[in-house]
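Right, one structure below, let's go through it.
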Amino acid sequence: MNTFQSQWQVLPIVSLPSWFVDIVNSYCADSQGIYAAQLLWHRGIQTPEKLKGFLDPNDYHPLSPFEFGYEMKLATQRLEVAINHQEKVTIWGDFDADGITATSVLWEGLGQFFIPHLQLNYYIPNRAKESHGLNLPGLKKLAEEGTQLIVTCDTGSTNIEEINYANSLGIDIIITDHHTLPDDRPDVVSIINPRYFSEDHPLFSLSGVAVAYKLVEALYLTFPDIAESPLENLLDLVAIGLIADLVELKGDCRYLAQKGLKKLQQQLKNTTRPGVAHLLNLCKRNGDRPTDISFGIGPRINAISRIQGDAHFAVELLTSKDEKRCKELAFDTELANTRRKSLQKDIKKNVEKKLQMVDLSTTQVIVLEDPQWQSGVLGLVAGQIAQEYGRPTILLTTSETENMRENDLKLARGSARSVYNIDLYKLVASQRDLLDRFGGHPFAAGLSLPVENLSLFRESINRKLRQDIIDVNTLSSTIKADLVVTVSQLGQSLFRELKLLEPYGMGNPVPRLLIQNCWFESLGNQNIRDAKNNKIKYIKTKFNIYDRSVDQGFPGIWWEHYQEELPQGEDKRCDAIVELDYNTYGKGRYEVRLIEVRESLSTEDYQSLQTNQITLIDYRNQTESKEINLEVETLNSCPVSWNELYKQYQKSINNKHNLALNYSYKEQCDPSEIIKQLIGIAKYINRTQKTITKEQLKEKLLLSDRTLKLGLDFLGKIGFLISEDQETIQIKNITHQSENYHLSQKQFLDTLKEEHFKRKYFTQIPVETLQKLLMYESLNY
């Protein structure tokens, strides 16, 4: 076990404009949208235009591919020459999920303009033997086969030597990429890379597959009469690559991911990509959520090259229409992913064993090597170690069979991952004199170096980071909790509300929820099984989580942890940060994924956080009236939403008055009876032509502003002609009822049930728990 501890931080509650909450609420089917509104505001979505475009791709206006300017024009012109002269074109891809989907997009997209396998081919480097990017032997091979034009995807921007070599062979190159730019523009026909844009540009965060799609889109616009397959048929591939590559899903990037997910979820019902449909079935996913890619399809595509080295068949898997062949390839992919999980677990244990011999107090960058490690999974393990130990991590393998050169130069090669926003690319680049090759971005990098340079490299990169940031031991990772909730709030309603923010990604992470004073029961470990039902060394712990708001626990899992690591029982209370999810396995259920757990704050520690806070006084459900002090504010009506309670609490803080909860909950008749009463009142008003105030109606039927509005809408749908002003309601006659009045009735009924549940909740939840939930904006662990 490591000794690295992260800090916890809870985002403050913001007082939101009513128009903002109203817009979010209009997208919520069974909640008021208060939590989603808080998250969206915190994430910088603060104007009506941004908000609507973020929530609904149909309200977003994507940019033209010719936003890339002259580079895109040069690319389409060169491709036009190739089309007219029937030149041989090769797509040079990459072996990760972004590169595979980018290759597939170009294979299908360019395949509308060139004859596949005759004029158009693709080349994907072998992960174990060639690594990322262009390489000289591969270029020589393509030249011998007659390639005249190479279109790269997800690679090539910094391959200056290789580009010059290709030019000497008479091969032109169009680069589509999103990785780090070279100091000077390479000598290519065109370089289409969004990093030439400013960071706030809507196209800046496009991944390799999205850039490839933009090139195909430009061809469709330039030659509108050639292509036969609709451009949008590529969007499911775009979504897979975008989400699997963990790029920031903003601007056009988010738009393409949203549209692509819509296409992806059609695959199980109207299959156009049998390979994708088989992958979804194997990982028991529906294709309607980004996690179906990030935890399902994406890791499986990546596993092909990680385990086999050669990822050529991955393109066939995604693009072939041959049902039988795709089923075979999908099963092979599943087995590769199973092997990847087992290898990852074994290597991580081995790394942790080596770390027991390392003095972490003097180590800024973890650099470890082993001849037995398989290079394909080192990036995954490096990411885990970096997060758990709070240090940039570089893991290398020195296996001779994969690294020997013609001159017998023995290389160590592997992967690096970062933490604390340390720019890993710059850090590794600072050691370029010791390296053979390197590439990547600020969060992840790949590298190789002569084995004889390893000791010097380890010493030098540690010294460099210590010079840059003083000491990594002085830094601490922060886990941010977006919301504080109770166990009773977990479930379908909250899940659907938070789902408005999908697809998640960098800059828009999965919401994390803080549950205080909770405990765990029904713990158990479970090994996962592969496609052949064999156990895999990949552990998860199942549990039920409780707090004082519930009598029945809520299910959850903790990946890669054993049950002994989790305290059990009500006497061992904890604070936990979790993510709410829907598990599609079996019959499907809502559950939480545990992120981190620690002991609850002590009473003394908790009280020390109460500076500038007010105290809740509990007069709820009292049979006798209480005399309220002038220095105390009162809440006499039971709230029906957290927002309503937050506003009153904030008002009391501003006035520096404690808040007395002076309301009670009376079991009302069934919501369907309330509907009958509402119809009876409406008939009475129509018959007598009297008026009734909104407050009278709300008090009579225990309605909120929200349910009153839904109730009046329902009356209108069943034939009552309603006229209202700010205070009163009149019903003048009865007209024909609407055909869809049942939908209005159901929405009214569901909202009544929700509000009665909330009233019961706010009168029964312990006042101490309420106090903590309302105070959480001041918490900073």
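Each chain in the structure tokens gets a letter, A, B and so on, in the order shown; residues start at 1 in every chain, and ligands are counted from 1 in the order they appear.
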
**OP:** Just the residues within 9 Å of Thr158 (chain A), please, counting only C-alpha atoms, with nothing from its chain fewer than 6 positions along; format it as a PyMOL selection string.
**Re:** chain A and resi 133+179-183+186+439

**OP:** Identify which of the residues A:Leu752, A:Ile307, A:Leu498, A:Leu701 lies closest to Tyr582 (chain A), counting only C-alpha atoms when measuring atom-to-atom distances.
**Re:**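 Closest candidate: A:Leu498.
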
**OP:** Using DSSP on the backbone, list every residue of region 300-457 of chain A that comes out as alpha helix (DSSP H), and give them as number ranges by chain.
**Re:** A: 300-308, 312-319, 323-355, 378-389, 400-403, 424-429, 454-457

**OP:** Would you kindly return, as a list in words, each protein, DNA or RNA residue with an atom no farther than 7 Å from any atom of Ser418 (chain A), considering only C-alpha atoms and excluding same-chain residues fewer than 6 positions away?
**Re:**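 Listing them by chain and then by number gives Ala386, Pro392, Thr393, Leu424, Phe443 and Ala444 of chain A.
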
Include all heavy atoms and write out the residues we just selected as an mmCIF file, in the first residue's frame.
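Below is the file part34.cif, written as the result:
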data_model
loop_
_atom_site.group_PDB
_atom_site.id
_atom_site.type_symbol
_atom_site.label_atom_id
_atom_site.label_comp_id
_atom_site.auth_asym_id
_atom_site.auth_seq_id
_atom_site.Cartn_x
_atom_site.Cartn_y
_atom_site.Cartn_z
ATOM 1 N N ALA A 386 1.183 6.598 -10.986
ATOM 2 C CA ALA A 386 1.302 8.053 -10.875
ATOM 3 C C ALA A 386 0.210 8.616 -9.973
ATOM 4 O O ALA A 386 0.472 9.476 -9.109
ATOM 5 C CB ALA A 386 1.231 8.695 -12.265
ATOM 6 N N PRO A 392 5.049 11.746 -11.269
ATOM 7 C CA PRO A 392 5.151 11.300 -12.660
ATOM 8 C C PRO A 392 5.856 9.951 -12.691
ATOM 9 O O PRO A 392 6.819 9.722 -11.954
ATOM 10 C CB PRO A 392 5.996 12.394 -13.326
ATOM 11 C CG PRO A 392 5.825 13.596 -12.464
ATOM 12 C CD PRO A 392 5.662 13.076 -11.066
ATOM 13 N N THR A 393 5.365 9.062 -13.534
ATOM 14 C CA THR A 393 5.867 7.683 -13.531
ATOM 15 C C THR A 393 6.260 7.252 -14.936
ATOM 16 O O THR A 393 5.494 7.442 -15.889
ATOM 17 C CB THR A 393 4.806 6.725 -12.963
ATOM 18 O OG1 THR A 393 4.504 7.115 -11.616
ATOM 19 C CG2 THR A 393 5.298 5.291 -12.980
ATOM 20 N N LEU A 424 4.358 16.711 -18.851
ATOM 21 C CA LEU A 424 5.230 15.550 -19.025
ATOM 22 C C LEU A 424 6.016 15.629 -20.328
ATOM 23 O O LEU A 424 7.183 15.214 -20.383
ATOM 24 C CB LEU A 424 4.385 14.279 -18.986
ATOM 25 C CG LEU A 424 5.129 12.955 -18.937
ATOM 26 C CD1 LEU A 424 5.964 12.864 -17.669
ATOM 27 C CD2 LEU A 424 4.152 11.794 -18.986
ATOM 28 N N PHE A 443 0.192 15.083 -20.690
ATOM 29 C CA PHE A 443 -0.265 14.113 -19.696
ATOM 30 C C PHE A 443 0.313 12.716 -19.892
ATOM 31 O O PHE A 443 0.317 11.913 -18.970
ATOM 32 C CB PHE A 443 -1.794 14.033 -19.714
ATOM 33 C CG PHE A 443 -2.458 15.356 -19.505
ATOM 34 C CD1 PHE A 443 -3.027 16.039 -20.576
ATOM 35 C CD2 PHE A 443 -2.500 15.937 -18.253
ATOM 36 C CE1 PHE A 443 -3.632 17.269 -20.393
ATOM 37 C CE2 PHE A 443 -3.102 17.166 -18.062
ATOM 38 C CZ PHE A 443 -3.666 17.833 -19.131
ATOM 39 N N ALA A 444 0.751 12.423 -21.106
ATOM 40 C CA ALA A 444 1.247 11.075 -21.389
ATOM 41 C C ALA A 444 2.308 11.143 -22.474
ATOM 42 O O ALA A 444 2.265 12.005 -23.345
ATOM 43 C CB ALA A 444 0.099 10.160 -21.826
#

Per residue of region 383-463 of chain A within 12 Å of region 339-347 of chain A, note the shortest atom pair and the distance in Å to one decimal, counting only C-alpha atoms, and order the rows by chain and increasing residue number, as CSV.
residue,atom,partner,partner_atom,distance
A:Gly383,CA,A:Gln344,CA,11.1
A:Gln384,CA,A:Gln344,CA,9.9
A:Ile385,CA,A:Ile347,CA,10.9
A:Leu395,CA,A:Ile347,CA,10.2
A:Leu396,CA,A:Ile347,CA,11.4
A:Thr397,CA,A:Ile347,CA,11.2

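Counting only C-alpha atoms, Glu217 (chain A) has the following residues at most 8 Å away, ignoring those fewer than 4 positions along the same chain: Pro65, Tyr213, Leu221 and Leu231 of chain A.
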
Original post:
Contacts of region 297-302 of chain A at 7 Å or less, counting only C-alpha atoms, minus same-chain residues fewer than 6 places along, as a PyMOL selection string?
Top reply: chain A and resi 96-97+240+244+279-280+314+333-334+337

Could you please take those selected residues and save N, CA and C atoms as an mmCIF file, in the first residue's frame?
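Printed below is selection_35.cif as written:
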data_model
loop_
_atom_site.group_PDB
_atom_site.id
_atom_site.type_symbol
_atom_site.label_atom_id
_atom_site.label_comp_id
_atom_site.auth_asym_id
_atom_site.auth_seq_id
_atom_site.Cartn_x
_atom_site.Cartn_y
_atom_site.Cartn_z
ATOM 1 N N ASP A 96 -3.705 2.927 -31.326
ATOM 2 C CA ASP A 96 -4.631 3.081 -30.209
ATOM 3 C C ASP A 96 -6.040 3.315 -30.735
ATOM 4 N N ALA A 97 -7.022 3.429 -29.823
ATOM 5 C CA ALA A 97 -8.425 3.523 -30.253
ATOM 6 C C ALA A 97 -8.678 4.758 -31.104
ATOM 7 N N ILE A 240 -16.462 6.951 -30.758
ATOM 8 C CA ILE A 240 -15.616 5.947 -30.096
ATOM 9 C C ILE A 240 -14.204 6.496 -29.905
ATOM 10 N N ALA A 244 -12.670 7.574 -26.231
ATOM 11 C CA ALA A 244 -11.581 6.678 -25.810
ATOM 12 C C ALA A 244 -10.268 7.422 -25.632
ATOM 13 N N LEU A 279 -19.039 -6.183 -30.165
ATOM 14 C CA LEU A 279 -18.283 -5.635 -29.029
ATOM 15 C C LEU A 279 -19.230 -5.177 -27.926
ATOM 16 N N LEU A 280 -20.309 -4.505 -28.307
ATOM 17 C CA LEU A 280 -21.284 -4.035 -27.314
ATOM 18 C C LEU A 280 -21.909 -5.218 -26.580
ATOM 19 N N ALA A 314 -8.142 -4.593 -36.335
ATOM 20 C CA ALA A 314 -9.093 -3.735 -35.641
ATOM 21 C C ALA A 314 -9.892 -2.874 -36.618
ATOM 22 N N THR A 333 -10.802 -9.998 -29.866
ATOM 23 C CA THR A 333 -10.595 -8.731 -29.165
ATOM 24 C C THR A 333 -10.921 -8.869 -27.685
ATOM 25 N N GLU A 334 -12.003 -9.592 -27.384
ATOM 26 C CA GLU A 334 -12.396 -9.800 -25.994
ATOM 27 C C GLU A 334 -11.315 -10.574 -25.235
ATOM 28 N N ASN A 337 -8.427 -8.339 -24.458
ATOM 29 C CA ASN A 337 -8.715 -7.437 -23.340
ATOM 30 C C ASN A 337 -8.620 -8.172 -22.006
#

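Those residues that approach Leu118 (chain A) to within 10 Å, counting only C-alpha atoms, are Gln86, Glu87, Lys88 and Val89 of chain A; same-chain residues fewer than 5 positions away are not listed.
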
Export, as a PDB file, in the first residue's frame, the selected residues with C-alpha atoms.
ATOM      1  CA  GLN A  86      -6.007   7.371 -59.972  1.00  0.00           C
ATOM      2  CA  GLU A  87      -2.954   7.521 -57.723  1.00  0.00           C
ATOM      3  CA  LYS A  88      -2.295   4.988 -55.025  1.00  0.00           C
ATOM      4  CA  VAL A  89      -3.081   6.467 -51.587  1.00  0.00           C
TER       5      VAL A  89
END

**OP:** For Ala660 (chain A), list every protein, DNA or RNA residue within 9 Å, evaluated using only C-alpha atoms, and leave out those in the same chain fewer than 4 positions away; present the list as a PyMOL selection string.
**Re:** chain A and resi 615-620+628+632-636

Can I get the selected residues back with N, CA and C atoms, as a short mmCIF file (atom, residue, chain, number, x, y, z; two decimals), in the first residue's frame?
data_model
loop_
_atom_site.label_atom_id
_atom_site.label_comp_id
_atom_site.auth_asym_id
_atom_site.auth_seq_id
_atom_site.Cartn_x
_atom_site.Cartn_y
_atom_site.Cartn_z
N THR A 615 -26.87 27.95 12.95
CA THR A 615 -27.33 26.68 13.51
C THR A 615 -28.78 26.44 13.13
N LEU A 616 -29.09 25.20 12.81
CA LEU A 616 -30.47 24.81 12.58
C LEU A 616 -31.11 24.43 13.90
N ILE A 617 -32.31 24.98 14.16
CA ILE A 617 -33.06 24.64 15.37
C ILE A 617 -34.24 23.77 14.95
N ASP A 618 -34.38 22.62 15.55
CA ASP A 618 -35.35 21.64 15.08
C ASP A 618 -36.67 21.74 15.84
N TYR A 619 -37.67 22.40 15.23
CA TYR A 619 -39.03 22.46 15.77
C TYR A 619 -40.00 21.66 14.88
N ARG A 620 -39.45 20.77 14.07
CA ARG A 620 -40.31 20.02 13.14
C ARG A 620 -41.23 19.07 13.90
N ILE A 628 -40.77 31.93 18.95
CA ILE A 628 -39.54 32.10 18.19
C ILE A 628 -38.88 33.42 18.57
N VAL A 632 -33.97 34.74 15.51
CA VAL A 632 -34.04 33.47 14.79
C VAL A 632 -35.04 33.61 13.64
N GLU A 633 -34.62 33.17 12.46
CA GLU A 633 -35.55 33.14 11.33
C GLU A 633 -36.24 31.79 11.28
N THR A 634 -37.43 31.77 10.72
CA THR A 634 -38.20 30.53 10.70
C THR A 634 -38.55 30.10 9.29
N LEU A 635 -38.62 28.80 9.13
CA LEU A 635 -39.10 28.22 7.88
C LEU A 635 -40.36 27.44 8.26
N ASN A 636 -41.52 28.01 7.91
CA ASN A 636 -42.79 27.45 8.39
C ASN A 636 -43.41 26.44 7.44
#

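With only C-alpha atoms as the basis for measurement, A:Val24 is the residue among A:Val510, A:Leu454, A:Val24, A:Leu268 that approaches Lys50 (chain A) most closely.
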
Original post:
So which bits of region 374-466 of chain A end up strand (DSSP E or B) when you DSSP the backbone, as a ChimeraX atom specification?
Top reply: /A:393-397,411-417,437-441,444-450

Original post:
Quick one, how far is CA of Lys321 (chain A) from CA of Glu145 (chain A)?
Top reply: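 Result for CA of Lys321 (chain A) versus CA of Glu145 (chain A): 27.0 Å, one decimal.
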
Original post:
Mind pulling up the distance from CA of Gln492 (chain A) to CA of Arg706 (chain A)?
Top reply: 20.3 Å
